[in-house]
$ cat model_32.pdb   # PDB, C-alpha atoms and all ligand atoms
ATOM      1  CA  MET A  16     -27.073   7.274  14.575
ATOM      2  CA  SER A  17     -23.787   5.487  15.283
ATOM      3  CA  LYS A  18     -20.502   6.424  13.646
ATOM      4  CA  LEU A  19     -17.685   4.219  12.430
ATOM      5  CA  LYS A  20     -14.452   4.956  14.315
ATOM      6  CA  ILE A  21     -11.463   4.883  11.996
ATOM      7  CA  ALA A  22      -7.884   5.015  13.287
ATOM      8  CA  ILE A  23      -5.402   6.909  11.119
ATOM      9  CA  GLN A  24      -1.704   7.347  11.852
ATOM     10  CA  LYS A  25      -1.269  10.654  13.680
ATOM     11  CA  SER A  26       1.981  11.534  11.934
ATOM     12  CA  GLY A  27       4.389   9.570   9.818
ATOM     13  CA  ARG A  28       4.454   7.853   6.477
ATOM     14  CA  LEU A  29       0.798   6.764   6.381
ATOM     15  CA  ASN A  30      -0.803   9.986   7.573
ATOM     16  CA  SER A  31      -1.128  12.118   4.446
ATOM     17  CA  ASP A  32      -1.922   9.282   2.000
ATOM     18  CA  SER A  33      -4.602   8.024   4.393
ATOM     19  CA  LEU A  34      -6.205  11.457   4.628
ATOM     20  CA  LYS A  35      -5.945  11.934   0.858
ATOM     21  CA  LEU A  36      -7.722   8.616   0.321
ATOM     22  CA  LEU A  37     -10.608   9.634   2.591
ATOM     23  CA  GLU A  38     -10.837  12.980   0.787
ATOM     24  CA  SER A  39     -10.907  11.221  -2.600
ATOM     25  CA  CYS A  40     -13.857   9.259  -1.200
ATOM     26  CA  GLY A  41     -15.672  12.563  -0.720
ATOM     27  CA  ILE A  42     -15.202  12.488   3.057
ATOM     28  CA  LYS A  43     -14.196  15.816   4.583
ATOM     29  CA  VAL A  44     -11.600  15.511   7.324
ATOM     30  CA  GLU A  45     -10.161  18.246   9.491
ATOM     31  CA  ASN A  46      -6.533  17.622  10.285
ATOM     32  CA  GLY A  47      -6.913  17.600  14.044
ATOM     33  CA  GLU A  48      -4.834  20.686  14.975
ATOM     34  CA  GLY A  49      -3.988  18.919  18.198
ATOM     35  CA  ARG A  50      -7.369  17.215  18.505
ATOM     36  CA  LEU A  51      -6.891  13.468  18.373
ATOM     37  CA  LYS A  52     -10.547  12.711  17.661
ATOM     38  CA  VAL A  53     -12.513  14.512  14.949
ATOM     39  CA  SER A  54     -15.792  13.839  13.192
ATOM     40  CA  ALA A  55     -16.300  13.989   9.438
ATOM     41  CA  PRO A  56     -19.117  16.499   8.757
ATOM     42  CA  ASN A  57     -20.503  14.644   5.723
ATOM     43  CA  PHE A  58     -20.076  10.913   6.500
ATOM     44  CA  PRO A  59     -20.780   8.908   9.687
ATOM     45  CA  LEU A  60     -17.081   8.605  10.486
ATOM     46  CA  GLU A  61     -15.070   9.562  13.551
ATOM     47  CA  ILE A  62     -11.315   9.806  12.972
ATOM     48  CA  LEU A  63      -8.925   8.815  15.757
ATOM     49  CA  TYR A  64      -5.308   9.943  15.260
ATOM     50  CA  LEU A  65      -3.083   7.245  16.750
ATOM     51  CA  ARG A  66       0.413   5.767  16.555
ATOM     52  CA  ASN A  67       0.667   3.169  13.795
ATOM     53  CA  SER A  68       2.219   0.674  16.207
ATOM     54  CA  ASP A  69      -0.679   1.014  18.670
ATOM     55  CA  ILE A  70      -3.389   0.522  16.035
ATOM     56  CA  PRO A  71      -3.571  -3.315  15.862
ATOM     57  CA  GLN A  72      -4.205  -3.523  19.619
ATOM     58  CA  TYR A  73      -6.869  -0.793  19.503
ATOM     59  CA  LEU A  74      -8.599  -2.667  16.692
ATOM     60  CA  GLU A  75      -8.570  -5.932  18.566
ATOM     61  CA  ASP A  76      -9.924  -4.190  21.674
ATOM     62  CA  GLY A  77     -12.663  -2.508  19.621
ATOM     63  CA  VAL A  78     -11.447   0.992  20.592
ATOM     64  CA  ALA A  79     -11.303   1.615  16.843
ATOM     65  CA  ASP A  80     -13.669  -0.147  14.422
ATOM     66  CA  VAL A  81     -11.423   0.113  11.380
ATOM     67  CA  ALA A  82      -7.983   1.515  10.627
ATOM     68  CA  ILE A  83      -5.493   2.343   7.943
ATOM     69  CA  VAL A  84      -2.349   0.599   9.077
ATOM     70  CA  GLY A  85       0.879  -0.945   7.750
ATOM     71  CA  GLU A  86       0.184  -4.596   6.951
ATOM     72  CA  ASN A  87       3.596  -5.584   8.363
ATOM     73  CA  LEU A  88       2.416  -4.493  11.815
ATOM     74  CA  LEU A  89      -0.634  -6.743  11.625
ATOM     75  CA  VAL A  90       1.691  -9.624  10.786
ATOM     76  CA  GLU A  91       4.048  -8.682  13.614
ATOM     77  CA  GLN A  92       1.396  -8.293  16.278
ATOM     78  CA  GLU A  93      -0.834 -11.200  15.182
ATOM     79  CA  LYS A  94      -4.025  -9.558  16.430
ATOM     80  CA  GLN A  95      -7.519 -10.879  15.753
ATOM     81  CA  VAL A  96      -8.434  -8.379  13.011
ATOM     82  CA  ASP A  97      -9.414  -8.627   9.337
ATOM     83  CA  VAL A  98      -7.887  -7.002   6.262
ATOM     84  CA  VAL A  99     -10.707  -5.423   4.245
ATOM     85  CA  SER A 100      -8.778  -3.745   1.377
ATOM     86  CA  ARG A 101      -5.180  -3.380   0.301
ATOM     87  CA  LEU A 102      -4.603   0.281  -0.399
ATOM     88  CA  GLY A 103      -1.572   0.390  -2.706
ATOM     89  CA  PHE A 104       0.528   2.952  -0.825
ATOM     90  CA  SER A 105       3.396   2.654   1.688
ATOM     91  CA  ARG A 106       4.663  -0.378  -0.140
ATOM     92  CA  CYS A 107       7.748  -1.857   1.490
ATOM     93  CA  ARG A 108       9.258  -5.160   2.526
ATOM     94  CA  VAL A 109      10.601  -6.567   5.758
ATOM     95  CA  SER A 110      14.038  -7.907   4.904
ATOM     96  CA  LEU A 111      17.208  -9.395   6.301
ATOM     97  CA  ALA A 112      20.415  -7.464   5.695
ATOM     98  CA  VAL A 113      24.099  -7.865   6.509
ATOM     99  CA  PRO A 114      27.258  -5.746   6.081
ATOM    100  CA  LYS A 115      28.010  -5.610   2.347
ATOM    101  CA  GLU A 116      31.401  -7.339   2.652
ATOM    102  CA  VAL A 117      29.838 -10.420   4.325
ATOM    103  CA  ASP A 118      29.503 -13.513   2.140
ATOM    104  CA  ALA A 119      25.859 -14.406   2.870
ATOM    105  CA  THR A 120      22.915 -15.064   0.576
ATOM    106  CA  ASP A 121      20.147 -16.184   2.911
ATOM    107  CA  ALA A 122      18.997 -16.626   6.504
ATOM    108  CA  SER A 123      21.392 -19.512   7.182
ATOM    109  CA  TYR A 124      24.125 -16.925   7.779
ATOM    110  CA  PHE A 125      22.335 -15.952  10.986
ATOM    111  CA  GLU A 126      22.715 -19.376  12.616
ATOM    112  CA  GLY A 127      24.225 -18.720  16.058
ATOM    113  CA  ARG A 128      24.538 -14.995  15.287
ATOM    114  CA  LYS A 129      22.876 -11.814  16.555
ATOM    115  CA  VAL A 130      20.143  -9.963  14.597
ATOM    116  CA  ALA A 131      18.725  -6.546  15.498
ATOM    117  CA  THR A 132      15.129  -5.714  14.590
ATOM    118  CA  SER A 133      11.965  -3.834  15.468
ATOM    119  CA  TYR A 134       9.925  -6.831  14.286
ATOM    120  CA  PRO A 135      11.012  -9.688  16.595
ATOM    121  CA  ASN A 136       7.941 -11.840  16.138
ATOM    122  CA  THR A 137       8.024 -11.698  12.337
ATOM    123  CA  LEU A 138      11.753 -12.449  12.434
ATOM    124  CA  GLN A 139      11.438 -15.296  14.933
ATOM    125  CA  ASN A 140       8.684 -16.980  12.902
ATOM    126  CA  TYR A 141      10.720 -16.664   9.733
ATOM    127  CA  LEU A 142      13.965 -17.970  11.243
ATOM    128  CA  GLN A 143      12.048 -20.866  12.746
ATOM    129  CA  SER A 144      10.527 -21.702   9.355
ATOM    130  CA  GLN A 145      14.070 -21.775   7.937
ATOM    131  CA  GLY A 146      15.393 -23.894  10.816
ATOM    132  CA  VAL A 147      17.774 -21.138  11.929
ATOM    133  CA  ASN A 148      18.598 -20.366  15.564
ATOM    134  CA  ALA A 149      19.701 -16.792  16.152
ATOM    135  CA  GLU A 150      19.794 -14.298  18.988
ATOM    136  CA  ILE A 151      17.265 -11.526  18.415
ATOM    137  CA  HIS A 152      17.871  -8.011  19.767
ATOM    138  CA  THR A 153      14.751  -5.881  19.722
ATOM    139  CA  ILE A 154      15.297  -2.153  19.190
ATOM    140  CA  SER A 155      12.620   0.378  18.302
ATOM    141  CA  GLY A 156      14.382   2.367  15.568
ATOM    142  CA  SER A 157      17.649   3.176  13.737
ATOM    143  CA  VAL A 158      18.058  -0.565  13.274
ATOM    144  CA  GLU A 159      20.465  -0.143  10.356
ATOM    145  CA  ILE A 160      23.102   1.234  12.707
ATOM    146  CA  ALA A 161      23.306  -1.992  14.754
ATOM    147  CA  PRO A 162      26.020  -3.851  12.781
ATOM    148  CA  ASN A 163      28.190  -0.699  12.676
ATOM    149  CA  ILE A 164      28.203  -0.325  16.452
ATOM    150  CA  GLY A 165      28.827  -3.989  17.181
ATOM    151  CA  LEU A 166      25.327  -4.652  18.467
ATOM    152  CA  ALA A 167      24.481  -7.347  15.913
ATOM    153  CA  ASP A 168      25.812  -9.280  12.918
ATOM    154  CA  GLY A 169      22.867  -8.303  10.764
ATOM    155  CA  ILE A 170      19.412  -6.769  10.840
ATOM    156  CA  CYS A 171      15.793  -7.342   9.932
ATOM    157  CA  ASP A 172      14.017  -4.105   9.026
ATOM    158  CA  ILE A 173      11.814  -2.306   6.539
ATOM    159  CA  VAL A 174      13.298  -1.667   3.111
ATOM    160  CA  SER A 175      11.742   0.409   0.382
ATOM    161  CA  THR A 176      14.237   2.087  -1.962
ATOM    162  CA  GLY A 177      17.187   0.418  -0.220
ATOM    163  CA  SER A 178      18.936   3.748   0.281
ATOM    164  CA  THR A 179      19.103   3.457   4.103
ATOM    165  CA  LEU A 180      20.761   0.043   3.763
ATOM    166  CA  PHE A 181      23.199   1.428   1.188
ATOM    167  CA  SER A 182      24.087   4.485   3.269
ATOM    168  CA  ASN A 183      24.896   2.228   6.196
ATOM    169  CA  GLY A 184      27.062  -0.222   4.236
ATOM    170  CA  LEU A 185      24.471  -3.039   4.322
ATOM    171  CA  LYS A 186      22.998  -5.337   1.656
ATOM    172  CA  GLU A 187      19.665  -7.187   1.545
ATOM    173  CA  VAL A 188      19.973 -10.985   1.738
ATOM    174  CA  GLY A 189      16.342 -12.086   2.009
ATOM    175  CA  VAL A 190      12.781 -10.772   1.905
ATOM    176  CA  ILE A 191      10.613 -12.012   4.765
ATOM    177  CA  LEU A 192       7.388 -10.311   3.728
ATOM    178  CA  LYS A 193       5.948  -7.618   1.490
ATOM    179  CA  SER A 194       3.678  -4.970   2.938
ATOM    180  CA  GLU A 195       1.461  -2.061   1.996
ATOM    181  CA  ALA A 196      -1.077   0.104   3.778
ATOM    182  CA  VAL A 197      -4.340  -1.766   4.354
ATOM    183  CA  LEU A 198      -7.814  -1.003   5.599
ATOM    184  CA  ALA A 199      -8.254  -3.370   8.547
ATOM    185  CA  SER A 200     -11.337  -3.969  10.605
ATOM    186  CA  ALA A 201     -12.202  -5.177  14.093
ATOM    187  CA  ARG A 202     -14.203  -8.395  14.268
ATOM    188  CA  ASN A 203     -17.889  -8.513  15.174
ATOM    189  CA  LEU A 204     -18.891  -5.001  14.132
ATOM    190  CA  SER A 205     -22.543  -4.159  14.806
ATOM    191  CA  PRO A 206     -24.787  -4.425  11.702
ATOM    192  CA  GLU A 207     -25.064  -0.639  11.649
ATOM    193  CA  LYS A 208     -21.275  -0.166  11.691
ATOM    194  CA  GLN A 209     -20.805  -2.958   9.155
ATOM    195  CA  SER A 210     -23.160  -1.133   6.831
ATOM    196  CA  ILE A 211     -21.132   2.110   7.168
ATOM    197  CA  LEU A 212     -17.954   0.086   6.519
ATOM    198  CA  ASN A 213     -19.536  -1.378   3.383
ATOM    199  CA  GLN A 214     -20.271   2.139   2.104
ATOM    200  CA  LEU A 215     -16.720   3.232   2.904
ATOM    201  CA  THR A 216     -15.199   0.170   1.224
ATOM    202  CA  PHE A 217     -17.352   0.710  -1.861
ATOM    203  CA  ARG A 218     -16.005   4.262  -2.157
ATOM    204  CA  ILE A 219     -12.406   3.209  -1.506
ATOM    205  CA  GLU A 220     -12.541   0.426  -4.099
ATOM    206  CA  SER A 221     -13.970   2.862  -6.670
ATOM    207  CA  VAL A 222     -11.176   5.343  -5.999
ATOM    208  CA  LEU A 223      -8.419   2.697  -6.103
ATOM    209  CA  ARG A 224      -9.746   1.176  -9.316
ATOM    210  CA  ALA A 225      -9.786   4.632 -10.909
ATOM    211  CA  ARG A 226      -6.225   5.351  -9.761
ATOM    212  CA  ASN A 227      -4.933   2.347 -11.707
ATOM    213  CA  SER A 228      -6.949   3.063 -14.829
ATOM    214  CA  LYS A 229      -6.992   5.674 -17.574
ATOM    215  CA  TYR A 230      -9.633   6.760 -20.031
ATOM    216  CA  ILE A 231      -8.262   6.405 -23.551
ATOM    217  CA  LEU A 232      -9.540   8.102 -26.699
ATOM    218  CA  LEU A 233      -8.131   7.346 -30.116
ATOM    219  CA  ASN A 234      -8.969   8.018 -33.750
ATOM    220  CA  VAL A 235      -9.157   5.006 -36.037
ATOM    221  CA  PRO A 236     -10.011   4.469 -39.738
ATOM    222  CA  ASN A 237     -13.326   2.587 -39.771
ATOM    223  CA  GLU A 238     -11.872  -0.486 -41.440
ATOM    224  CA  ARG A 239      -9.348  -0.816 -38.582
ATOM    225  CA  ILE A 240     -11.840  -0.636 -35.691
ATOM    226  CA  ASP A 241     -11.967  -4.405 -35.168
ATOM    227  CA  GLU A 242      -8.198  -4.727 -35.199
ATOM    228  CA  VAL A 243      -7.685  -1.882 -32.690
ATOM    229  CA  THR A 244     -10.508  -3.157 -30.475
ATOM    230  CA  LYS A 245      -8.793  -6.536 -30.179
ATOM    231  CA  ILE A 246      -5.681  -4.855 -28.798
ATOM    232  CA  LEU A 247      -7.563  -2.752 -26.252
ATOM    233  CA  PRO A 248      -8.345  -4.597 -23.035
ATOM    234  CA  VAL A 249     -11.763  -3.123 -22.303
ATOM    235  CA  LEU A 250     -14.345  -3.119 -19.516
ATOM    236  CA  LYS A 251     -17.060  -4.250 -21.958
ATOM    237  CA  SER A 252     -16.536  -3.030 -25.483
ATOM    238  CA  PRO A 253     -15.287   0.389 -26.552
ATOM    239  CA  THR A 254     -17.581   3.292 -27.364
ATOM    240  CA  VAL A 255     -17.328   4.107 -31.080
ATOM    241  CA  LEU A 256     -18.327   7.593 -32.275
ATOM    242  CA  PRO A 257     -18.153   8.873 -35.871
ATOM    243  CA  LEU A 258     -15.678  11.688 -36.549
ATOM    244  CA  ALA A 259     -16.641  14.656 -38.753
ATOM    245  CA  GLU A 260     -14.084  13.349 -41.254
ATOM    246  CA  PRO A 261     -15.738  10.562 -43.286
ATOM    247  CA  GLY A 262     -14.307   7.059 -42.816
ATOM    248  CA  TRP A 263     -12.908   7.745 -39.330
ATOM    249  CA  SER A 264     -14.185   7.020 -35.814
ATOM    250  CA  SER A 265     -13.217   7.915 -32.282
ATOM    251  CA  LEU A 266     -12.825   4.936 -29.940
ATOM    252  CA  HIS A 267     -13.222   5.469 -26.189
ATOM    253  CA  SER A 268     -12.234   2.909 -23.599
ATOM    254  CA  VAL A 269     -10.656   2.301 -20.201
ATOM    255  CA  ILE A 270      -7.215   0.805 -19.830
ATOM    256  CA  GLU A 271      -4.928  -0.011 -16.928
ATOM    257  CA  GLU A 272      -2.040   2.444 -16.922
ATOM    258  CA  GLU A 273       0.600  -0.289 -17.094
ATOM    259  CA  ARG A 274      -1.165  -2.064 -19.968
ATOM    260  CA  PHE A 275      -1.261   1.184 -21.931
ATOM    261  CA  TRP A 276       2.530   1.344 -22.197
ATOM    262  CA  ASN A 277       2.589  -2.284 -23.333
ATOM    263  CA  VAL A 278       0.096  -1.841 -26.177
ATOM    264  CA  ILE A 279       0.852   1.674 -27.392
ATOM    265  CA  ASP A 280       3.110   0.540 -30.270
ATOM    266  CA  GLU A 281       0.611  -2.095 -31.352
ATOM    267  CA  LEU A 282      -2.189   0.487 -31.342
ATOM    268  CA  LYS A 283      -0.162   2.817 -33.570
ATOM    269  CA  SER A 284       0.779   0.037 -35.988
ATOM    270  CA  ALA A 285      -2.882  -0.949 -36.174
ATOM    271  CA  GLY A 286      -3.685   2.558 -37.411
ATOM    272  CA  ALA A 287      -4.693   4.451 -34.258
ATOM    273  CA  GLU A 288      -3.911   8.179 -34.243
ATOM    274  CA  GLY A 289      -4.430  11.174 -31.955
ATOM    275  CA  ILE A 290      -4.267   9.009 -28.845
ATOM    276  CA  LEU A 291      -5.355  10.789 -25.656
ATOM    277  CA  VAL A 292      -5.046   9.250 -22.175
ATOM    278  CA  VAL A 293      -6.809  11.032 -19.323
ATOM    279  CA  PRO A 294      -7.181  10.340 -15.589
ATOM    280  CA  ILE A 295     -10.371   8.912 -14.128
ATOM    281  CA  ASP A 296     -11.674  10.249 -10.822
ATOM    282  CA  LYS A 297     -13.971   7.407  -9.692
ATOM    283  CA  MET A 298     -14.773   4.081 -11.297
ATOM    284  CA  VAL A 299     -17.826   2.020 -10.400
ATOM    285  CA  VAL A 300     -18.202  -1.315 -12.177
TER     286      VAL A 300
HETATM  287  N1  LIG A 401      10.629   3.472   3.912
HETATM  288  C1  LIG A 401       9.376   3.107   3.792
HETATM  289  N2  LIG A 401       8.782   3.097   2.591
HETATM  290  C2  LIG A 401       7.490   2.725   2.450
HETATM  291  N3  LIG A 401       6.713   2.347   3.468
HETATM  292  C3  LIG A 401       7.263   2.345   4.685
HETATM  293  C4  LIG A 401       8.603   2.714   4.924
HETATM  294  N4  LIG A 401       8.863   2.651   6.246
HETATM  295  C5  LIG A 401       7.737   2.225   6.797
HETATM  296  N5  LIG A 401       6.766   2.029   5.885
HETATM  297  C6  LIG A 401       5.378   1.572   6.105
HETATM  298  O1  LIG A 401       4.676   2.649   6.678
HETATM  299  C7  LIG A 401       4.216   2.312   7.980
HETATM  300  C8  LIG A 401       4.382   3.512   8.884
HETATM  301  O2  LIG A 401       5.749   3.812   9.024
HETATM  302  P1  LIG A 401       6.233   4.996   9.978
HETATM  303  O3  LIG A 401       7.710   4.957   9.988
HETATM  304  O4  LIG A 401       5.558   6.266   9.583
HETATM  305  O5  LIG A 401       5.599   4.635  11.352
HETATM  306  P2  LIG A 401       5.981   3.675  12.515
HETATM  307  O6  LIG A 401       7.377   3.976  12.921
HETATM  308  O7  LIG A 401       5.662   2.243  12.156
HETATM  309  O8  LIG A 401       4.857   4.036  13.530
HETATM  310  P3  LIG A 401       4.394   5.026  14.643
HETATM  311  O9  LIG A 401       3.204   5.794  14.100
HETATM  312  O10 LIG A 401       3.992   4.025  15.670
HETATM  313  O11 LIG A 401       5.520   5.912  15.046
HETATM  314  C9  LIG A 401       5.036   1.076   8.393
HETATM  315  O12 LIG A 401       4.300   0.241   9.266
HETATM  316  C10 LIG A 401       5.296   0.406   7.088
HETATM  317  O13 LIG A 401       4.193  -0.403   6.740
HETATM  318  O1  LIG A 402      14.732   1.611   1.900
HETATM  319  P1  LIG A 402      14.459   3.040   2.292
HETATM  320  O2  LIG A 402      13.659   3.761   1.256
HETATM  321  O3  LIG A 402      15.714   3.762   2.688
HETATM  322  O4  LIG A 402      13.488   2.991   3.565
HETATM  323  C1  LIG A 402      13.803   2.222   4.700
HETATM  324  C2  LIG A 402      13.814   3.014   5.955
HETATM  325  O5  LIG A 402      12.535   3.643   6.140
HETATM  326  C3  LIG A 402      12.078   3.340   7.453
HETATM  327  O6  LIG A 402      12.524   4.275   8.367
HETATM  328  P2  LIG A 402      11.788   5.692   8.580
HETATM  329  O7  LIG A 402      12.328   6.685   7.583
HETATM  330  O8  LIG A 402      10.312   5.479   8.565
HETATM  331  O9  LIG A 402      12.284   6.140   9.991
HETATM  332  P3  LIG A 402      11.856   5.592  11.437
HETATM  333  O10 LIG A 402      12.850   4.495  11.744
HETATM  334  O11 LIG A 402      12.025   6.787  12.311
HETATM  335  O12 LIG A 402      10.438   5.114  11.380
HETATM  336  C4  LIG A 402      12.699   1.992   7.764
HETATM  337  O13 LIG A 402      12.758   1.756   9.141
HETATM  338  C5  LIG A 402      14.054   2.080   7.130
HETATM  339  O14 LIG A 402      14.995   2.629   7.994
HETATM  340 MG    MG A 403       9.453   4.242  10.083
END
$ encode --input "model_32.pdb" --output "structure tokens"
Amino acid sequence: MSKLKIAIQKSGRLNSDSLKLLESCGIKVENGEGRLKVSAPNFPLEILYLRNSDIPQYLEDGVADVAIVGENLLVEQEKQVDVVSRLGFSRCRVSLAVPKEVDATDASYFEGRKVATSYPNTLQNYLQSQGVNAEIHTISGSVEIAPNIGLADGICDIVSTGSTLFSNGLKEVGVILKSEAVLASARNLSPEKQSILNQLTFRIESVLRARNSKYILLNVPNERIDEVTKILPVLKSPTVLPLAEPGWSSLHSVIEEERFWNVIDELKSAGAEGILVVPIDKMVV
């Protein structure tokens, strides 16, 4: 029986979240210990530990069937691959930045100037779309140092918290793209591999949905059930169970974590009490 070959970053920012995601999908993975190719014992998956920056090419060549990779690299390398799921971790943006004392608010500042980056293609496409001509210096890391050593007037690099920019006396002047980790797939998978990918995607989607949702239980006087139910955004309708105390019920439902904080005051004013919010492990709809 064939196995689906999945490329995972060997070490770096994507590695542990990628492995955690597979584990949450019930797939056992040994962490290599120097072996760059390992098989999952309980799912038809072979894990290849690779450099993030090499992954798009391996996908296009069919060396790997699927991969967990930074979306920004797929944009940069423009390979013939498909994004199957967005995974919600390693969120960042690819941005333009300049020394903080410079009076610039957008890409036009770079006209006729030098920009250092590890993402030359992304940068070139963006500058072109803005009608800006600049000289691009490609460097593979420590991009934020470039203006301080006279290598460039500004940079284009990954920003997340902004603390690297701040520590190097730079400020962000434009966001070129937003990125997160994605599950990407090679094109033209065999039907057998496509079917394994479908099973994997089903599990991943169930895990991701559960991560964003909470199970909520609350006690409500019976005459307030309708009012409270209207506030709760529910999958279908809430489960209502009688409490031992006459005239009261327990309402059970599922709510997105963010929505919970928005409706909590309304729920209390509508008469809800003893509100419990608990994590969900998997969610199949
Ligand atoms: N500071 C950050 N915060 C959040 N996500 C980030 C950050 N820096 C990078 N990323 C995302 O994580 C991915 C992996 O980044 P990381 O620095 O671990 O590897 P890399 O330098 O791209 O690759 P390689 O494995 O080839 O050495 C990037 O492609 C990007 O999508
Ligand atoms: O906005 P921040 O939260 O400060 O994150 C941004 C920094 O993170 C990344 O570097 P990383 O730490 O991955 O180092 P690398 O250049 O060795 O990949 C990126 O290249 C920036 O330098
Ligand atoms: Mg990095």
$ resolve_selection --input "model_32.pdb" --expression "the PyMOL selection byres (((chain A and resi 200) around 6) and not hetatm)" --output "VMD selection string"
chain A and resid 80 to 81 96 to 97 199 201
$ residues_around --input "model_32.pdb" --residues "segment 152-167 of chain A" --least-positions-apart "5" --cutoff "10 Å" --atoms "all atoms listed in the file" --output "list in words"
Ala112, Val113, Pro114, Arg128, Lys129, Val130, Ala131, Thr132, Ser133, Tyr134, Pro135, Asn136, Asp172, Ile173, Thr179, Leu180, Phe181, Ser182, Asn183, Gly184 and Leu185 of chain A
$ atom_distance --input "model_32.pdb" --atom1 "atom CA of Trp276 of chain A" --atom2 "atom CA of Tyr230 of chain A"
13.5 Å
$ closest_residue --input "model_32.pdb" --among "A:Ser39, A:Ser33, A:Ser175, A:Gln92" --to "ligand LIG 401 (chain A)" --atoms "only C-alpha atoms and all ligand atoms"
A:Ser175
$ resolve_selection --input "model_32.pdb" --expression "the PyMOL selection byres (((chain A and resi 272) around 8) and not hetatm)" --output "PyMOL selection string"
chain A and resi 227-229+270-271+273-276
$ atom_distance --input "model_32.pdb" --atom1 "atom C9 of ligand LIG 401 (chain A)" --atom2 "atom CA of Ser210 of chain A"
28.3 Å
$ resolve_selection --input "model_32.pdb" --expression "the PyMOL selection byres (((not hetatm)) within 6 of (chain A and resi 401))" --output "JSON, numbers by chain"
{"A": [24, 27, 28, 29, 66, 67, 68, 85, 86, 87, 88, 105, 106, 107, 173, 174, 175, 194, 195]}
$ write_last_selection --input "model_32.pdb" --atoms "C-alpha atoms" --output "PDB file, in the coordinates of the input"
ATOM      1  CA  GLN A  24      -1.704   7.347  11.852  1.00  0.00           C
ATOM      2  CA  GLY A  27       4.389   9.570   9.818  1.00  0.00           C
ATOM      3  CA  ARG A  28       4.454   7.853   6.477  1.00  0.00           C
ATOM      4  CA  LEU A  29       0.798   6.764   6.381  1.00  0.00           C
ATOM      5  CA  ARG A  66       0.413   5.767  16.555  1.00  0.00           C
ATOM      6  CA  ASN A  67       0.667   3.169  13.795  1.00  0.00           C
ATOM      7  CA  SER A  68       2.219   0.674  16.207  1.00  0.00           C
ATOM      8  CA  GLY A  85       0.879  -0.945   7.750  1.00  0.00           C
ATOM      9  CA  GLU A  86       0.184  -4.596   6.951  1.00  0.00           C
ATOM     10  CA  ASN A  87       3.596  -5.584   8.363  1.00  0.00           C
ATOM     11  CA  LEU A  88       2.416  -4.493  11.815  1.00  0.00           C
ATOM     12  CA  SER A 105       3.396   2.654   1.688  1.00  0.00           C
ATOM     13  CA  ARG A 106       4.663  -0.378  -0.140  1.00  0.00           C
ATOM     14  CA  CYS A 107       7.748  -1.857   1.490  1.00  0.00           C
ATOM     15  CA  ILE A 173      11.814  -2.306   6.539  1.00  0.00           C
ATOM     16  CA  VAL A 174      13.298  -1.667   3.111  1.00  0.00           C
ATOM     17  CA  SER A 175      11.742   0.409   0.382  1.00  0.00           C
ATOM     18  CA  SER A 194       3.678  -4.970   2.938  1.00  0.00           C
ATOM     19  CA  GLU A 195       1.461  -2.061   1.996  1.00  0.00           C
TER      20      GLU A 195
END
